[in-house]
Amino acid sequence: MSFLLPEAGLLFWMLIAFGVVFFILYKYGFPVITSMIDERKKFIDEALDNAKIANEKLAGIEEQSRLILEKANAEQVRILREAVVARDSIVKEAQEKAELESAKIISAAKEQIKQEKEDALREIRAQVAELSIAIAEKVIRKELADDKAHDSFMDSLLDEAFDNKNDNK
Amino acid sequence: MKGIRYILMLLFLSFACGAFATEHTAESGKIDVKKVIFEHIKDTYEWHITTIGEKHVAISLPVILYSHRTGWEVFSSSVFHEQESYKGFYISYMGDNEGKIVENDSDGNERRPLLDLSITKTVLSVFISSLLLVVLVLYTARWYRRHNADDKAPRGFVGVMEMLITMVVDDVIKPNVGKNYKRYTPYLLTAFFFIFLNNLMGLLPIFPGGANVTGNIAVTFALALCTFIAVNFFGNKEYYKEIFWPDVPIFLKLPVPMMPLIELFGIFVKPFALTIRLFANILAGHTVVLAFVCIIFITMSVSKYIGTAMTFVSVVFTIFMNVLELLVAFIQAFVFTMLSSVFIGLSQPEHHEGKH
């Protein structure tokens with residue numbers, strides 16, 4: 001049963017060998033590896049977190065842009081509607097104004113026409129008066145030559161004058 | 001088709017083994033299984049590789065002794081090939097010191113020299129695997145030194161090492177040791193890889209493997225001693241309070257310190273359990289594999305026909321056992337690391353909430 005008892009020499013060499021191996025690996029081996037693995041783990045975790053945050057941000061931005069777009073659409077509709085209303089009112093106003101103006105112009109024209117007509121009548125009257133004076137002059141001159149003819153002529157002139165007056169009425 | 005090829009290969013292998021065994025047994029007549037197995041699992045002063053005909057192919061190793069009679073003595077183990085004894089030292093054939101170098105004291109009784117620091121087969125094997133381990137781990141560490149945290153994960157051998165390291169750290173060390181785990185990680189990883197590598201080397205049939213390293217009690221004892229140091233020299237106050245003044249009714253502590261005695265006993269039982277578990281498992285594995293191989297030689301010496309038939313069975317079982325031992329090699333390294341982690345974790349108890 002000698003193999004159940006640890007041999008001193010082997011124990012000695014084993015402790016030395018294991019001690020040296022442990023020292024070397026403690027100094028240059030495992031800490032380098034484990035710290036690096038930890039670092040990489042941290043890096044991966046961070047990267048994942050960052051990706052998550054970025055995704056959330058992106059989703060937020062998308063939502064925001066959707067909202068802005070919706071708002072803009074609503075605004076556009078509103079503006080268009082307002083424009084239609086404004087256009088209608090402007091057109092209406094213009095029409096009303098035009099009507100008013102035209103009515104004014106027409107009435108002014110009528111007034112003028114009336115004035116002109118009156119002026120024309122006055123002129124005609126003056127003319128008639130002048131003419132009648134001229135006729136009277138001529139008649140008076142003719143009277144000197146023929147009484148009879150003078151009379152008949154006078155009558156006809158008067159008739160005519162009356163007719164004219166009647167026609168003008 | 002592939003299956004048939006494998007079976008044919010196995011058969012061929014079996015017959016080759018059988019033929020070799022016939023020759024061998026014909027030479028020596030009877031085979032002593034116990035001697036064959038013990039020769040393998042015991043430590044020796046030379047590394048016997050094989051025997052071709054009458055010629056022994058072996059690596060002679062240095063013998064380093066200190067005796068009251070002669071003082072320090074250093075010589076090659078090959079001297080025992082030519083002569084029985086050298087300067088009064090000889091290899092004992094029987095008794096407690098069988099296979100060890102002994103001398104005779106003044107009364108003519110056989111005794112061991114005071115110190116025997118010989119580089120034996122196991123010591124050389126420990127040196128070889130230590131060197132291999134340092135090279136492998138430093139090679140892995142070099143990769144990490146040359147890369148940044150944002151580089152891609154390693155592939156190939158370094159990737160395997162990383163997988164093993166992360167497995168041991170995350171599944172064994174972290175949960176068992178507790179929050180101080182970083183301090184113990186290098187030791188526990190060294191122990192894991194040391195045991196695992198030595199177990200694997202032990203499964204290789206020829207030099208530089210094949211030595212029964214982790215199946216030697218001195219080796220496992222040394223490893224357990226390291227865990228013992230890690231547990232007891234770095235334990236915190238709470239741990240020692242629990243040993244010498246545990247939370248038990250006062251009559252269990254005074255006047256007879258029963259619980260402290262039991263706890264004190266526990267300190268030494270824990271590394272003892274580590275020692276025996278690893279030693280026994282690996283020793284048993286080696287023994288069973290050798291026993292299966294020996295079946296060939298035993299049955300051959302009985303009858304050639306039975307021997308040939310049994311060779312097939314034996315080869316199948318040996319392959320099975322070797323594959324099983326591959327698993328055991330890993331499991332035992334894993335268990336040793338896990339138990340060490342648990343013991344270290346127990347030496348770092350959290351301060352109890354409130355007074356009891």
# chains A, B, ... in the order shown; residues from 1 in each chain; ligands from 1
call {"tool": "residues_around", "arguments": {"residues": "Val123 in chain B", "least_positions_apart": "6", "cutoff": "10 Å", "atoms": "only C-alpha atoms", "output": "ChimeraX atom specification"}}
result
/A:9-14,17 /B:43-45,61,117,129,211,213,219
call {"tool": "write_last_selection", "arguments": {"atoms": "N, CA, C and O atoms", "output": "compact mmCIF listing (two decimals), in the first residue's frame"}}
result
# COMPACT_ATOMS: atom_id res chain seq x y z
N GLY A 9 9.91 13.32 -1.85
CA GLY A 9 10.63 13.90 -2.99
C GLY A 9 9.69 14.38 -4.06
O GLY A 9 9.80 15.50 -4.57
N LEU A 10 8.73 13.54 -4.38
CA LEU A 10 7.75 13.89 -5.41
C LEU A 10 6.94 15.11 -4.97
O LEU A 10 6.69 16.02 -5.76
N LEU A 11 6.57 15.12 -3.68
CA LEU A 11 5.81 16.23 -3.14
C LEU A 11 6.61 17.52 -3.29
O LEU A 11 6.09 18.55 -3.72
N PHE A 12 7.90 17.43 -2.96
CA PHE A 12 8.79 18.59 -3.06
C PHE A 12 8.82 19.13 -4.48
O PHE A 12 8.57 20.31 -4.73
N TRP A 13 9.11 18.23 -5.45
CA TRP A 13 9.20 18.68 -6.84
C TRP A 13 7.86 19.18 -7.36
O TRP A 13 7.79 20.15 -8.11
N MET A 14 6.82 18.50 -6.94
CA MET A 14 5.47 18.87 -7.40
C MET A 14 5.13 20.27 -6.90
O MET A 14 4.63 21.10 -7.67
N ALA A 17 7.21 22.74 -8.92
CA ALA A 17 6.73 22.86 -10.30
C ALA A 17 5.40 23.62 -10.34
O ALA A 17 5.23 24.57 -11.10
N ASP B 43 5.41 5.04 -9.09
CA ASP B 43 6.48 5.91 -9.57
C ASP B 43 7.75 5.07 -9.72
O ASP B 43 8.02 4.17 -8.93
N THR B 44 8.55 5.38 -10.77
CA THR B 44 9.78 4.61 -10.96
C THR B 44 10.96 5.56 -11.19
O THR B 44 10.77 6.73 -11.50
N TYR B 45 12.17 5.01 -11.07
CA TYR B 45 13.37 5.84 -11.21
C TYR B 45 13.82 5.98 -12.64
O TYR B 45 14.72 6.73 -12.93
N LEU B 61 16.86 8.47 -15.47
CA LEU B 61 16.60 9.75 -14.83
C LEU B 61 17.56 9.95 -13.67
O LEU B 61 18.06 8.98 -13.09
N LEU B 117 15.19 13.15 -3.41
CA LEU B 117 14.65 14.17 -4.32
C LEU B 117 14.88 13.78 -5.77
O LEU B 117 15.09 14.63 -6.63
N SER B 129 4.55 18.47 -18.36
CA SER B 129 3.22 19.07 -18.52
C SER B 129 3.18 20.48 -17.98
O SER B 129 2.41 21.31 -18.48
N ALA B 211 2.32 8.65 -18.00
CA ALA B 211 2.68 8.54 -16.58
C ALA B 211 1.43 8.77 -15.73
O ALA B 211 0.53 9.50 -16.12
N VAL B 213 0.26 10.61 -13.29
CA VAL B 213 0.61 11.79 -12.48
C VAL B 213 -0.49 12.14 -11.49
O VAL B 213 -0.28 12.14 -10.28
N VAL B 219 0.99 14.05 -5.74
CA VAL B 219 0.60 15.15 -6.63
C VAL B 219 -0.72 15.75 -6.18
O VAL B 219 -0.85 16.97 -6.04
call {"tool": "interface_residues", "arguments": {"of": "chain B", "to": "chain A", "cutoff": "6 Å", "atoms": "only C-alpha atoms", "output": "CSV table (one decimal) with all heavy atoms, in the first residue's frame"}}
result
chain,number,residue,atom,x,y,z
B,116,ASP,N,15.0,11.9,-0.5
B,116,ASP,CA,15.0,11.3,-1.9
B,116,ASP,C,14.4,12.3,-2.8
B,116,ASP,O,13.2,12.3,-3.0
B,116,ASP,CB,14.3,9.9,-1.9
B,116,ASP,CG,14.4,9.3,-3.3
B,116,ASP,OD1,15.0,9.9,-4.2
B,116,ASP,OD2,13.9,8.2,-3.4
B,117,LEU,N,15.2,13.1,-3.4
B,117,LEU,CA,14.7,14.2,-4.3
B,117,LEU,C,14.9,13.8,-5.8
B,117,LEU,O,15.1,14.6,-6.6
B,117,LEU,CB,15.3,15.5,-4.0
B,117,LEU,CG,15.1,16.1,-2.6
B,117,LEU,CD1,15.8,17.4,-2.5
B,117,LEU,CD2,13.6,16.2,-2.3
B,137,VAL,N,-0.7,28.4,-22.1
B,137,VAL,CA,-1.4,29.6,-21.6
B,137,VAL,C,-0.7,30.9,-22.0
B,137,VAL,O,-1.4,31.9,-22.3
B,137,VAL,CB,-1.5,29.5,-20.0
B,137,VAL,CG1,-2.1,30.7,-19.5
B,137,VAL,CG2,-2.3,28.3,-19.6
B,138,LEU,N,0.6,30.9,-22.0
B,138,LEU,CA,1.3,32.2,-22.4
B,138,LEU,C,1.0,32.4,-23.9
B,138,LEU,O,0.9,33.6,-24.3
B,138,LEU,CB,2.8,32.1,-22.2
B,138,LEU,CG,3.1,32.2,-20.7
B,138,LEU,CD1,4.7,32.3,-20.5
B,138,LEU,CD2,2.5,33.3,-20.0
B,141,ALA,N,-2.3,33.9,-23.9
B,141,ALA,CA,-2.2,35.3,-23.3
B,141,ALA,C,-1.7,36.3,-24.3
B,141,ALA,O,-2.0,37.4,-24.4
B,141,ALA,CB,-1.4,35.3,-22.0
B,149,ALA,N,-10.2,45.1,-27.1
B,149,ALA,CA,-11.5,44.6,-26.6
B,149,ALA,C,-12.5,44.6,-27.8
B,149,ALA,O,-13.5,43.8,-27.8
B,149,ALA,CB,-12.0,45.4,-25.5
B,186,PRO,N,-6.8,33.2,-10.8
B,186,PRO,CA,-5.6,32.7,-11.4
B,186,PRO,C,-5.3,31.3,-10.8
B,186,PRO,O,-4.9,30.4,-11.5
B,186,PRO,CB,-4.5,33.7,-11.1
B,186,PRO,CG,-5.3,35.0,-10.9
B,186,PRO,CD,-6.6,34.6,-10.3
B,217,ILE,N,-0.7,10.0,-5.2
B,217,ILE,CA,-1.2,10.8,-4.1
B,217,ILE,C,-0.4,12.0,-3.7
B,217,ILE,O,-0.9,13.0,-3.2
B,217,ILE,CB,-1.4,9.8,-2.9
B,217,ILE,CG1,-2.5,10.4,-1.9
B,217,ILE,CG2,-0.1,9.5,-2.2
B,217,ILE,CD1,-3.2,9.4,-1.1
B,218,ALA,N,0.9,11.9,-4.0
B,218,ALA,CA,1.7,13.1,-3.6
B,218,ALA,C,1.3,14.3,-4.5
B,218,ALA,O,1.3,15.4,-4.0
B,218,ALA,CB,3.2,12.8,-3.9
B,222,ALA,N,-0.3,17.6,-3.0
B,222,ALA,CA,0.3,19.0,-3.2
B,222,ALA,C,-0.7,20.0,-3.7
B,222,ALA,O,-0.8,21.1,-3.2
B,222,ALA,CB,1.4,18.9,-4.2
call {"tool": "atom_distance", "arguments": {"atom1": "CA of Val293 in chain B", "atom2": "CA of Thr318 in chain B"}}
result
6.6 Å
call {"tool": "residues_around", "arguments": {"residues": "Lys35 in chain B", "least_positions_apart": "6", "cutoff": "12 Å", "atoms": "only C-alpha atoms", "output": "MDAnalysis selection string"}}
result
chainID B and resid 41:42 93 98:99 287 290:291 294
call {"tool": "write_last_selection", "arguments": {"atoms": "N, CA and C atoms", "output": "PDB file, in the first residue's frame"}}
result
ATOM      1  N   ILE B  41       1.342   2.085 -12.469  1.00  0.00           N
ATOM      2  CA  ILE B  41       0.777   3.161 -11.654  1.00  0.00           C
ATOM      3  C   ILE B  41       1.741   3.656 -10.592  1.00  0.00           C
ATOM      4  N   LYS B  42       2.779   2.898 -10.305  1.00  0.00           N
ATOM      5  CA  LYS B  42       3.734   3.372  -9.315  1.00  0.00           C
ATOM      6  C   LYS B  42       4.815   4.232  -9.958  1.00  0.00           C
ATOM      7  N   TYR B  93      13.192  -4.838  -3.311  1.00  0.00           N
ATOM      8  CA  TYR B  93      12.337  -5.729  -4.113  1.00  0.00           C
ATOM      9  C   TYR B  93      11.028  -6.065  -3.439  1.00  0.00           C
ATOM     10  N   GLU B  98       9.087  -1.336  -1.558  1.00  0.00           N
ATOM     11  CA  GLU B  98       9.249  -2.011  -2.836  1.00  0.00           C
ATOM     12  C   GLU B  98       9.351  -0.998  -3.975  1.00  0.00           C
ATOM     13  N   GLY B  99      10.407  -1.144  -4.754  1.00  0.00           N
ATOM     14  CA  GLY B  99      10.599  -0.257  -5.899  1.00  0.00           C
ATOM     15  C   GLY B  99      11.279   1.044  -5.552  1.00  0.00           C
ATOM     16  N   THR B 287      -6.031   1.857 -13.870  1.00  0.00           N
ATOM     17  CA  THR B 287      -6.051   0.443 -13.534  1.00  0.00           C
ATOM     18  C   THR B 287      -7.010  -0.327 -14.427  1.00  0.00           C
ATOM     19  N   LEU B 290      -5.709  -0.673 -17.989  1.00  0.00           N
ATOM     20  CA  LEU B 290      -4.633  -1.677 -18.028  1.00  0.00           C
ATOM     21  C   LEU B 290      -5.183  -3.079 -17.853  1.00  0.00           C
ATOM     22  N   ALA B 291      -6.182  -3.209 -16.976  1.00  0.00           N
ATOM     23  CA  ALA B 291      -6.764  -4.530 -16.744  1.00  0.00           C
ATOM     24  C   ALA B 291      -7.390  -5.073 -18.024  1.00  0.00           C
ATOM     25  N   CYS B 294      -4.752  -6.228 -20.224  1.00  0.00           N
ATOM     26  CA  CYS B 294      -4.154  -7.465 -19.718  1.00  0.00           C
ATOM     27  C   CYS B 294      -5.012  -8.689 -20.007  1.00  0.00           C
TER      28      CYS B 294
END
call {"tool": "atom_distance", "arguments": {"atom1": "CA of Ile64 in chain B", "atom2": "CA of Ser85 in chain B"}}
result
15.1 Å
call {"tool": "select_by_dssp", "arguments": {"residues": "range 62-156 of chain B", "states": "helix (DSSP H, G or I)", "output": "PyMOL selection string"}}
result
chain B and resi 79-82+121-145+156
call {"tool": "atom_distance", "arguments": {"atom1": "CA of Glu325 in chain B", "atom2": "CA of Phe193 in chain B"}}
result
16.3 Å
call {"tool": "closest_residue", "arguments": {"among": "B:Ile262, B:Glu73, B:Ser67, B:Gln83", "to": "Asp105 in chain B", "atoms": "only C-alpha atoms"}}
result
B:Ser67
call {"tool": "closest_residue", "arguments": {"among": "B:Phe317, B:Tyr187, B:Phe207, B:Phe194", "to": "Glu46 in chain B", "atoms": "only C-alpha atoms"}}
result
B:Phe207
call {"tool": "residues_around", "arguments": {"residues": "Ser347 in chain B", "least_positions_apart": "6", "cutoff": "7 Å", "atoms": "only C-alpha atoms", "output": "PyMOL selection string"}}
result
chain B and resi 231+235-236+239
